[in-house]
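So this one's target.txt, compact mmCIF, C-alpha atoms and all ligand atoms:
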```
# COMPACT_ATOMS: atom_id res chain seq x y z
CA MET A 25 18.94 -14.99 -0.27
CA ALA A 26 15.16 -14.72 -0.49
CA LYS A 27 13.29 -15.45 -3.70
CA THR A 28 11.52 -12.26 -4.78
CA SER A 29 8.94 -11.90 -7.57
CA LEU A 30 8.43 -8.54 -9.27
CA ILE A 31 5.08 -8.11 -10.96
CA TYR A 32 4.87 -5.74 -13.92
CA HIS A 33 3.01 -5.40 -17.22
CA PRO A 34 3.98 -2.99 -20.05
CA ASP A 35 0.29 -2.16 -20.49
CA TYR A 36 0.46 -0.27 -17.16
CA LEU A 37 1.92 2.56 -19.27
CA LYS A 38 -1.22 2.80 -21.41
CA HIS A 39 -3.32 4.63 -18.81
CA ASP A 40 -1.69 8.07 -19.00
CA ILE A 41 -3.20 11.52 -18.93
CA SER A 42 -0.97 14.29 -20.25
CA GLY A 43 0.45 16.46 -17.47
CA HIS A 44 -0.95 14.33 -14.62
CA CYS A 45 1.46 13.48 -11.79
CA GLU A 46 0.22 9.85 -11.72
CA CYS A 47 2.03 9.27 -15.03
CA LYS A 48 3.63 6.38 -16.90
CA GLU A 49 7.13 7.80 -16.19
CA ARG A 50 6.68 6.63 -12.59
CA LEU A 51 7.08 3.03 -13.72
CA ILE A 52 9.35 3.68 -16.72
CA ARG A 53 12.00 5.32 -14.49
CA THR A 54 11.81 2.52 -11.93
CA MET A 55 12.09 -0.23 -14.54
CA ASP A 56 15.05 1.56 -16.20
CA PHE A 57 16.74 1.95 -12.82
CA PHE A 58 16.16 -1.72 -12.00
CA GLN A 59 17.73 -2.64 -15.36
CA GLU A 60 20.79 -0.45 -14.63
CA LYS A 61 21.17 -2.05 -11.21
CA GLY A 62 20.78 -5.61 -12.51
CA VAL A 63 17.67 -6.26 -10.41
CA PHE A 64 16.26 -8.68 -12.98
CA ASP A 65 19.34 -10.89 -12.57
CA PHE A 66 18.24 -11.78 -9.05
CA CYS A 67 14.45 -11.20 -9.05
CA LYS A 68 11.87 -13.05 -11.10
CA LEU A 69 9.78 -10.81 -13.37
CA VAL A 70 6.19 -12.06 -13.59
CA THR A 71 3.55 -10.79 -16.04
CA PRO A 72 0.00 -10.60 -14.62
CA LYS A 73 -3.44 -11.00 -16.15
CA PRO A 74 -6.41 -8.68 -15.50
CA CYS A 75 -8.57 -9.57 -12.51
CA THR A 76 -12.14 -10.71 -13.17
CA GLU A 77 -15.37 -8.85 -12.44
CA GLU A 78 -16.01 -11.42 -9.71
CA ASP A 79 -12.71 -10.37 -8.08
CA ILE A 80 -13.77 -6.70 -8.15
CA LEU A 81 -17.21 -7.51 -6.72
CA ARG A 82 -15.69 -9.02 -3.57
CA CYS A 83 -14.78 -5.42 -2.63
CA HIS A 84 -16.89 -3.04 -4.71
CA THR A 85 -20.59 -2.66 -5.44
CA PRO A 86 -21.97 -3.63 -8.88
CA GLU A 87 -22.93 0.06 -9.30
CA HIS A 88 -19.31 1.13 -8.89
CA LEU A 89 -17.97 -1.53 -11.27
CA ASN A 90 -20.59 -0.64 -13.89
CA TYR A 91 -19.93 3.08 -13.50
CA ILE A 92 -16.21 2.73 -14.29
CA LYS A 93 -16.85 0.16 -17.02
CA SER A 94 -19.50 2.19 -18.83
CA LEU A 95 -17.66 5.52 -18.39
CA CYS A 96 -14.65 3.98 -20.16
CA ALA A 97 -16.82 2.29 -22.82
CA GLN A 98 -18.31 5.69 -23.61
CA GLY A 99 -14.85 7.21 -24.15
CA GLY A 100 -13.94 8.16 -20.56
CA GLY A 101 -14.20 11.47 -18.72
CA ALA A 102 -13.66 13.18 -15.37
CA ILE A 103 -14.56 11.30 -12.18
CA ASP A 104 -13.53 14.14 -9.88
CA GLY A 105 -11.18 17.11 -9.97
CA ASP A 106 -8.05 14.96 -10.23
CA THR A 107 -9.26 11.54 -11.39
CA TYR A 108 -10.02 10.86 -15.04
CA ALA A 109 -10.98 7.77 -16.99
CA GLN A 110 -9.75 7.04 -20.49
CA PRO A 111 -11.29 4.41 -22.80
CA GLN A 112 -8.60 1.88 -21.76
CA THR A 113 -8.65 2.72 -18.03
CA TYR A 114 -11.13 -0.03 -17.10
CA GLU A 115 -8.88 -2.72 -18.59
CA ILE A 116 -5.67 -1.28 -17.13
CA ALA A 117 -7.26 -0.88 -13.67
CA ARG A 118 -8.28 -4.56 -13.84
CA LEU A 119 -4.70 -5.37 -14.83
CA ALA A 120 -3.41 -3.44 -11.80
CA ALA A 121 -5.63 -5.45 -9.45
CA GLY A 122 -4.53 -8.57 -11.35
CA GLY A 123 -0.91 -7.56 -10.64
CA ASP A 124 -1.59 -7.51 -6.91
CA ILE A 125 -3.38 -10.86 -7.16
CA THR A 126 -0.40 -12.35 -9.01
CA ALA A 127 1.94 -11.09 -6.29
CA GLY A 128 -0.31 -12.69 -3.68
CA GLN A 129 -0.44 -16.00 -5.51
CA GLN A 130 3.33 -16.09 -6.05
CA VAL A 131 3.80 -15.88 -2.30
CA MET A 132 0.90 -18.10 -1.21
CA TYR A 133 1.76 -20.84 -3.74
CA GLY A 134 5.37 -20.72 -2.48
CA LYS A 135 6.74 -19.72 -5.88
CA SER A 136 8.59 -16.91 -4.14
CA ASP A 137 9.26 -15.87 -0.55
CA ASN A 138 8.00 -12.35 -1.12
CA ALA A 139 6.78 -10.17 -3.97
CA TYR A 140 6.50 -6.57 -5.09
CA ALA A 141 3.66 -5.61 -7.47
CA LEU A 142 4.75 -2.54 -9.48
CA VAL A 143 1.29 -1.57 -10.61
CA ARG A 144 -0.62 1.50 -11.68
CA PRO A 145 -3.17 3.02 -11.52
CA PRO A 146 -3.05 2.89 -7.69
CA GLY A 147 -5.98 1.69 -5.58
CA HIS A 148 -6.02 2.71 -1.92
CA HIS A 149 -8.51 5.60 -2.28
CA ALA A 150 -11.03 3.35 -4.09
CA CYS A 151 -13.96 2.82 -1.70
CA LYS A 152 -16.74 0.21 -1.90
CA ASN A 153 -19.08 2.39 -3.91
CA HIS A 154 -17.04 5.31 -5.20
CA THR A 155 -13.55 6.26 -6.12
CA MET A 156 -11.23 9.22 -5.96
CA GLY A 157 -7.55 10.23 -5.81
CA PHE A 158 -6.19 8.69 -9.06
CA CYS A 159 -7.68 5.27 -8.09
CA TYR A 160 -10.43 3.14 -9.71
CA PHE A 161 -10.47 -0.27 -8.00
CA ASN A 162 -8.82 -1.14 -4.71
CA ASN A 163 -5.97 -3.37 -5.83
CA ALA A 164 -4.75 -4.42 -2.37
CA ALA A 165 -8.25 -5.18 -1.04
CA ILE A 166 -9.14 -7.19 -4.15
CA MET A 167 -6.01 -9.30 -3.66
CA VAL A 168 -6.60 -9.81 0.07
CA ARG A 169 -10.23 -10.87 -0.42
CA LEU A 170 -9.27 -13.42 -3.11
CA LEU A 171 -6.47 -14.86 -0.96
CA GLN A 172 -8.83 -15.08 2.00
CA GLU A 173 -11.30 -17.02 -0.13
CA ASP A 174 -8.67 -19.33 -1.63
CA TYR A 175 -6.58 -19.94 1.49
CA GLY A 176 -8.98 -19.28 4.36
CA LEU A 177 -6.74 -16.58 5.82
CA GLU A 178 -8.25 -15.29 9.06
CA ARG A 179 -5.64 -12.69 9.99
CA VAL A 180 -4.12 -10.39 7.36
CA PHE A 181 -2.07 -7.39 8.47
CA LEU A 182 -2.22 -4.53 5.97
CA PHE A 183 0.11 -1.56 6.41
CA ASP A 184 -0.06 1.55 4.21
CA TRP A 185 2.82 4.06 4.27
CA ASP A 186 1.58 6.29 1.45
CA ALA A 187 1.46 9.99 2.47
CA HIS A 188 -2.34 9.92 2.18
CA ALA A 189 -4.73 7.95 4.40
CA ALA A 190 -5.88 4.63 2.90
CA ASN A 191 -9.52 5.70 3.11
CA GLY A 192 -10.70 3.29 0.40
CA THR A 193 -9.06 0.24 1.95
CA MET A 194 -10.46 1.24 5.33
CA ASP A 195 -13.95 1.66 3.89
CA ILE A 196 -13.85 -1.87 2.45
CA PHE A 197 -12.58 -3.54 5.65
CA ARG A 198 -14.15 -1.21 8.25
CA ASP A 199 -16.37 -3.89 9.87
CA ASP A 200 -14.00 -6.82 9.31
CA PRO A 201 -11.72 -8.06 12.13
CA THR A 202 -9.89 -10.48 9.80
CA VAL A 203 -7.94 -7.63 8.23
CA LEU A 204 -6.01 -5.38 10.60
CA ASN A 205 -5.63 -2.25 8.59
CA VAL A 206 -3.00 0.33 9.63
CA SER A 207 -2.36 3.54 7.69
CA ILE A 208 0.40 6.01 8.59
CA HIS A 209 -0.04 9.29 6.79
CA GLN A 210 0.18 13.06 6.96
CA ASP A 211 -2.37 14.59 9.36
CA PRO A 212 -5.54 14.88 7.26
CA HIS A 213 -6.89 18.00 8.97
CA TYR A 214 -5.45 20.02 6.10
CA PHE A 215 -4.40 17.25 3.76
CA TYR A 216 -6.05 14.91 1.26
CA PRO A 217 -8.28 12.87 1.66
CA GLY A 218 -9.54 14.74 4.78
CA THR A 219 -10.14 11.54 6.76
CA GLY A 220 -7.84 9.14 8.60
CA PHE A 221 -7.99 10.30 12.24
CA VAL A 222 -7.11 8.24 15.33
CA GLU A 223 -10.78 8.29 16.36
CA GLN A 224 -11.81 6.35 13.23
CA THR A 225 -11.33 2.86 14.65
CA GLY A 226 -13.64 0.69 12.52
CA GLU A 227 -17.23 -0.45 13.02
CA GLY A 228 -19.17 -3.38 14.46
CA ASP A 229 -17.02 -6.54 14.64
CA GLY A 230 -14.21 -4.56 13.01
CA GLU A 231 -13.95 -1.99 15.80
CA GLY A 232 -10.29 -1.67 16.77
CA TYR A 233 -9.09 -3.18 13.47
CA THR A 234 -8.89 0.13 11.60
CA ILE A 235 -5.90 2.08 12.83
CA ASN A 236 -4.99 5.55 11.58
CA VAL A 237 -1.59 7.01 12.48
CA PRO A 238 -1.73 10.66 11.39
CA VAL A 239 1.73 12.27 11.64
CA GLN A 240 2.54 15.97 11.40
CA ALA A 241 3.90 17.50 8.17
CA GLY A 242 7.70 17.40 8.41
CA SER A 243 7.74 13.94 9.99
CA ALA A 244 10.78 11.94 8.94
CA ASP A 245 12.56 8.61 9.44
CA VAL A 246 12.92 9.01 13.21
CA ASP A 247 9.15 9.55 13.66
CA TYR A 248 8.23 6.54 11.54
CA THR A 249 10.68 4.14 13.17
CA TYR A 250 9.59 5.30 16.65
CA LEU A 251 5.89 4.76 15.86
CA LEU A 252 6.60 1.36 14.28
CA ASP A 253 8.69 0.26 17.24
CA LYS A 254 6.46 1.56 20.05
CA PHE A 255 3.01 0.99 18.59
CA VAL A 256 2.64 -0.72 15.21
CA LEU A 257 4.85 -3.75 15.88
CA PRO A 258 3.31 -4.49 19.31
CA VAL A 259 -0.14 -4.46 17.65
CA LEU A 260 1.14 -6.70 14.85
CA ASP A 261 2.72 -9.13 17.35
CA ASP A 262 -0.55 -9.37 19.29
CA PHE A 263 -2.53 -9.98 16.07
CA GLU A 264 -0.17 -12.78 14.88
CA PRO A 265 -0.87 -12.34 11.14
CA GLU A 266 -0.83 -15.17 8.62
CA LEU A 267 0.16 -12.72 5.89
CA ILE A 268 1.57 -9.16 5.80
CA VAL A 269 0.67 -6.80 2.95
CA ILE A 270 2.22 -3.36 2.48
CA SER A 271 0.65 -0.63 0.38
CA ALA A 272 3.81 1.28 -0.49
CA GLY A 273 3.27 4.88 -1.49
CA MET A 274 6.48 6.85 -1.85
CA ASP A 275 4.80 10.28 -1.81
CA SER A 276 5.90 10.31 1.85
CA HIS A 277 9.47 10.87 0.49
CA LYS A 278 11.17 14.21 1.22
CA ASP A 279 11.59 14.93 -2.51
CA ASP A 280 7.94 14.29 -3.34
CA PRO A 281 6.07 17.34 -4.65
CA ILE A 282 2.66 16.62 -3.11
CA SER A 283 3.24 15.92 0.59
CA GLY A 284 5.00 17.61 3.49
CA LEU A 285 6.59 14.40 4.79
CA ARG A 286 10.36 13.95 4.89
CA LEU A 287 11.27 10.27 4.56
CA SER A 288 14.65 9.36 3.07
CA ASP A 289 15.45 6.67 0.46
CA ASN A 290 16.80 4.62 3.36
CA ALA A 291 13.46 4.69 5.21
CA TYR A 292 11.71 2.50 2.63
CA GLY A 293 14.45 -0.13 2.84
CA LYS A 294 14.40 0.05 6.64
CA MET A 295 10.61 -0.27 6.92
CA THR A 296 10.64 -3.21 4.49
CA GLU A 297 13.40 -4.83 6.57
CA ILE A 298 11.29 -4.34 9.73
CA PHE A 299 8.24 -6.01 8.15
CA MET A 300 10.41 -8.80 6.69
CA LYS A 301 11.51 -9.58 10.24
CA ALA A 302 7.88 -9.52 11.46
CA ALA A 303 6.81 -11.77 8.56
CA LYS A 304 9.55 -14.27 9.44
CA LYS A 305 8.40 -14.26 13.07
CA HIS A 306 4.71 -14.78 12.35
CA CYS A 307 4.04 -16.09 8.86
CA ASN A 308 6.96 -17.94 7.27
CA GLY A 309 8.22 -14.69 5.73
CA ARG A 310 5.06 -14.17 3.65
CA LEU A 311 5.24 -10.49 2.68
CA ILE A 312 3.56 -8.82 -0.29
CA ILE A 313 4.25 -5.23 -1.27
CA GLU A 314 2.19 -3.30 -3.78
CA LEU A 315 2.73 0.18 -5.18
CA GLU A 316 0.46 3.12 -4.42
CA GLY A 317 1.62 6.76 -4.83
CA GLY A 318 5.00 8.47 -5.30
CA TYR A 319 5.36 11.35 -7.75
CA ASP A 320 9.04 12.31 -7.84
CA VAL A 321 10.03 9.65 -10.35
CA ASP A 322 13.71 9.53 -9.32
CA ALA A 323 12.97 9.32 -5.59
CA LEU A 324 10.39 6.65 -6.41
CA ALA A 325 12.91 4.61 -8.43
CA ARG A 326 15.57 4.79 -5.67
CA SER A 327 13.04 3.94 -2.95
CA ASN A 328 11.65 1.04 -4.99
CA TYR A 329 15.20 -0.26 -5.40
CA ASN A 330 15.73 -0.14 -1.63
CA ILE A 331 12.48 -2.03 -1.09
CA VAL A 332 13.69 -4.79 -3.44
CA ARG A 333 17.12 -4.91 -1.74
CA ALA A 334 15.39 -5.29 1.63
CA LEU A 335 13.17 -8.05 0.23
CA GLN A 336 16.39 -9.80 -0.73
CA GLY A 337 17.57 -9.59 2.88
CA GLU A 338 19.84 -6.53 2.85
CA LYS A 339 20.03 -4.46 6.04
CA PHE A 340 19.45 -0.72 6.26
CA ARG A 341 20.63 2.04 8.57
CA ASN A 342 18.61 2.62 11.73
CA VAL A 343 18.13 6.38 11.93
CA ARG A 344 18.07 7.60 15.52
CA GLY A 345 17.63 11.04 17.03
CA PRO A 346 15.37 13.08 19.28
CA VAL A 347 11.70 12.21 18.74
CA PRO A 348 9.49 15.33 18.37
CA ALA A 349 6.92 15.95 21.12
CA SER A 350 4.02 15.69 18.64
CA THR A 351 5.09 12.13 17.75
CA LEU A 352 5.52 11.13 21.42
CA MET A 353 1.98 12.45 22.09
CA LEU A 354 0.60 10.59 19.08
CA ALA A 355 2.14 7.31 20.26
CA ARG A 356 0.57 7.80 23.71
CA LYS A 357 -2.84 8.55 22.19
CA LEU A 358 -2.65 5.49 19.92
CA LYS A 359 -1.72 3.22 22.83
CA GLU A 360 -4.60 4.58 24.92
CA THR A 361 -7.11 4.24 22.08
CA PHE A 362 -6.11 0.77 20.88
CA GLY A 363 -5.02 -0.74 24.20
CA LYS A 364 -8.71 -1.68 24.64
CA TYR A 365 -8.60 -3.92 21.56
CA HIS A 366 -5.03 -5.25 21.48
CA ASP A 367 -2.58 -6.40 24.13
CA ILE A 368 0.16 -3.82 23.54
CA LYS A 369 1.59 -3.18 26.99
ZN ZN A 401 -0.63 9.25 -1.84
```
Entire entry expressed as structure tokens:
Amino acid sequence: MAKTSLIYHPDYLKHDISGHCECKERLIRTMDFFQEKGVFDFCKLVTPKPCTEEDILRCHTPEHLNYIKSLCAQGGGAIDGDTYAQPQTYEIARLAAGGDITAGQQVMYGKSDNAYALVRPPGHHACKNHTMGFCYFNNAAIMVRLLQEDYGLERVFLFDWDAHAANGTMDIFRDDPTVLNVSIHQDPHYFYPGTGFVEQTGEGDGEGYTINVPVQAGSADVDYTYLLDKFVLPVLDDFEPELIVISAGMDSHKDDPISGLRLSDNAYGKMTEIFMKAAKKHCNGRLIIELEGGYDVDALARSNYNIVRALQGEKFRNVRGPVPASTLMLARKLKETFGKYHDIK
């Protein structure tokens, strides 16, 4: 059985705006469910420290760091229509990035085979110089940059299955071929954040290393497993990563109130199992998962539990069925677009 570290800090509950869907109950319900299921009997619970300003500055501009820091020091306030800072938000956002870093270090130091960072606030909409969508600092990017510096990693594969495009992560790595950044999300034509199209492929040296997989509303397990099998895994195999990182947002779940996607509880276990297999093939099993969205707290807890079971080596059902025409067309378009950059025949 694999050794799995779970990263969590009780202070993650301190950033909490009344009535907001990105609420502390998201983690409370998951931790209660893990307790009921005995998860802490077989996984190691690790408490993180906040990341440093230096860690943040590997991914964000000094202007952005100072904006969040001073906004919080002055008592907080609105950043945009759905993102608010409280006085403690700066510290808790640093603690969230620190949680991702701890997960990364657990795996890279060999203290565990894999790790899941149960952090909030989330990070994948946080861009280099601005933020949005309940995020402040880009937790996953901050972790990847630190691990690259400490371990000289030249090929990191980052996969984001949150319902929303990982526009912040893509902004940070857009000209960087050392991080192959794949986001599968609901078609952003009429969905937040309004970017994340197939045609956005990265810039300069990073062209071909930003991959957006925009699926239609209503897409479910069969669409995701088809796209992973026919497109994402061939790209991953060609890239031969030294580390795999997953930004796990469970707002792609069928019970979630804010997306039109239809994934089951099983899908999150199955996708984790698929990336476990890829990590074993390419990088000694090194797999780090970190939490992004997911706003039905019960669906989130059940999906998180399946992720942990998969990290422990359990197998999940392979859902098969007719693949919708829109998904077949998307797979063809992705292969045409990215066949220039990766050997995916
Ligand atoms: Zn989301």
Can you tell me which residues come within 12 Å of ligand ZN 401 (chain A) when counting only C-alpha atoms and all ligand atoms, ideally as JSON, numbers by chain? {"A": [45, 46, 145, 146, 147, 148, 149, 156, 157, 158, 159, 184, 185, 186, 187, 188, 189, 190, 191, 192, 207, 208, 209, 210, 212, 215, 216, 217, 271, 272, 273, 274, 275, 276, 277, 280, 281, 282, 283, 284, 285, 315, 316, 317, 318, 319, 320]}
Between CA of Tyr140 (chain A) and CA of Gly218 (chain A), measure the distance and give it in Å to one decimal.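 Calculated distance between CA of Tyr140 (chain A) and CA of Gly218 (chain A) is 28.4 Å.
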Residues near region 55-60 of chain A, anyone? I mean within 8 Å using only C-alpha atoms, not counting same-chain ones fewer than 2 positions away, as a ChimeraX atom specification. /A:51-53,62-64,325-326,329
If we count all atoms listed in the file and set the cut-off at 12 Å, which residues sit around region 94-105 of chain A, ignoring sequence neighbours fewer than 4 positions away in its own chain? Please answer as number ranges by chain. A: 39, 41, 44, 86-90, 109-117, 150, 154-160
Non-local contacts of Tyr233 (chain A) (10 Å; all atoms listed in the file; under 3 positions in same chain excluded) as a list of chain:residue names: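 What passes the distance filter is A:Phe181, A:Met194, A:Phe197, A:Arg198, A:Asp199, A:Asp200, A:Pro201, A:Thr202, A:Val203, A:Leu204, A:Asn205, A:Val206, A:Gln224, A:Thr225, A:Gly226, A:Glu227, A:Asp229, A:Gly230, A:Asn236, A:Val259, A:Phe263, A:Phe362, A:Tyr365, A:His366.
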One number please: CA of Leu119 (chain A) to CA of Cys83 (chain A), in Å, one decimal.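 One can read the CA of Leu119 (chain A) to CA of Cys83 (chain A) distance as 15.8 Å.
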Can you measure CA of Tyr250 (chain A) to CA of Gly293 (chain A) for me? One decimal in Å is fine. 15.6 Å
Measuring atom to atom with only C-alpha atoms, identify which of A:Thr361, A:Gln130, A:Ser136, A:Thr28 is nearest to Ile331 (chain A). A:Thr28
Contacts of Asn138 (chain A) at 7 Å or less, counting only C-alpha atoms, minus same-chain residues fewer than 2 places along, as a PDB file with C-alpha atoms, in the coordinates of the input?
```pdb
ATOM      1  CA  LYS A  27      13.290 -15.450  -3.700  1.00  0.00           C
ATOM      2  CA  THR A  28      11.520 -12.260  -4.780  1.00  0.00           C
ATOM      3  CA  SER A  29       8.940 -11.900  -7.570  1.00  0.00           C
ATOM      4  CA  VAL A 131       3.800 -15.880  -2.300  1.00  0.00           C
ATOM      5  CA  SER A 136       8.590 -16.910  -4.140  1.00  0.00           C
ATOM      6  CA  ARG A 310       5.060 -14.170   3.650  1.00  0.00           C
ATOM      7  CA  LEU A 311       5.240 -10.490   2.680  1.00  0.00           C
ATOM      8  CA  ILE A 312       3.560  -8.820  -0.290  1.00  0.00           C
ATOM      9  CA  LEU A 335      13.170  -8.050   0.230  1.00  0.00           C
TER      10      LEU A 335
END
```
Taking all atoms listed in the file into account, which of A:Asp65, A:Val237, A:Phe299, A:Glu314 comes nearest Val168 (chain A)?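 Of A:Asp65, A:Val237, A:Phe299, A:Glu314, the one nearest Val168 (chain A), counting all atoms listed in the file, is A:Glu314.
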Non-local contacts of His306 (chain A) (6 Å; all atoms listed in the file; under 2 positions in same chain excluded) as a PyMOL selection string: chain A and resi 264+303-304
Point out the residue among A:Leu182, A:Arg344, A:Ser350, A:Val256 with the least atom-to-atom distance to Gly242 (chain A), counting only C-alpha atoms.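 The answer is A:Ser350, which sits nearest to Gly242 (chain A).
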Residue list as a ChimeraX atom specification for point (15.4, -0.3, 3.6), cut-off 7 Å, only C-alpha atoms: /A:290-297,330-331,334,339-340
Which of these residues is nearest to Thr54 (chain A), using only C-alpha atoms: A:Asp261, A:Ser243, A:Glu231, A:Val321?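 Going through A:Asp261, A:Ser243, A:Glu231, A:Val321 one by one, the smallest distance to Thr54 (chain A) is for A:Val321.
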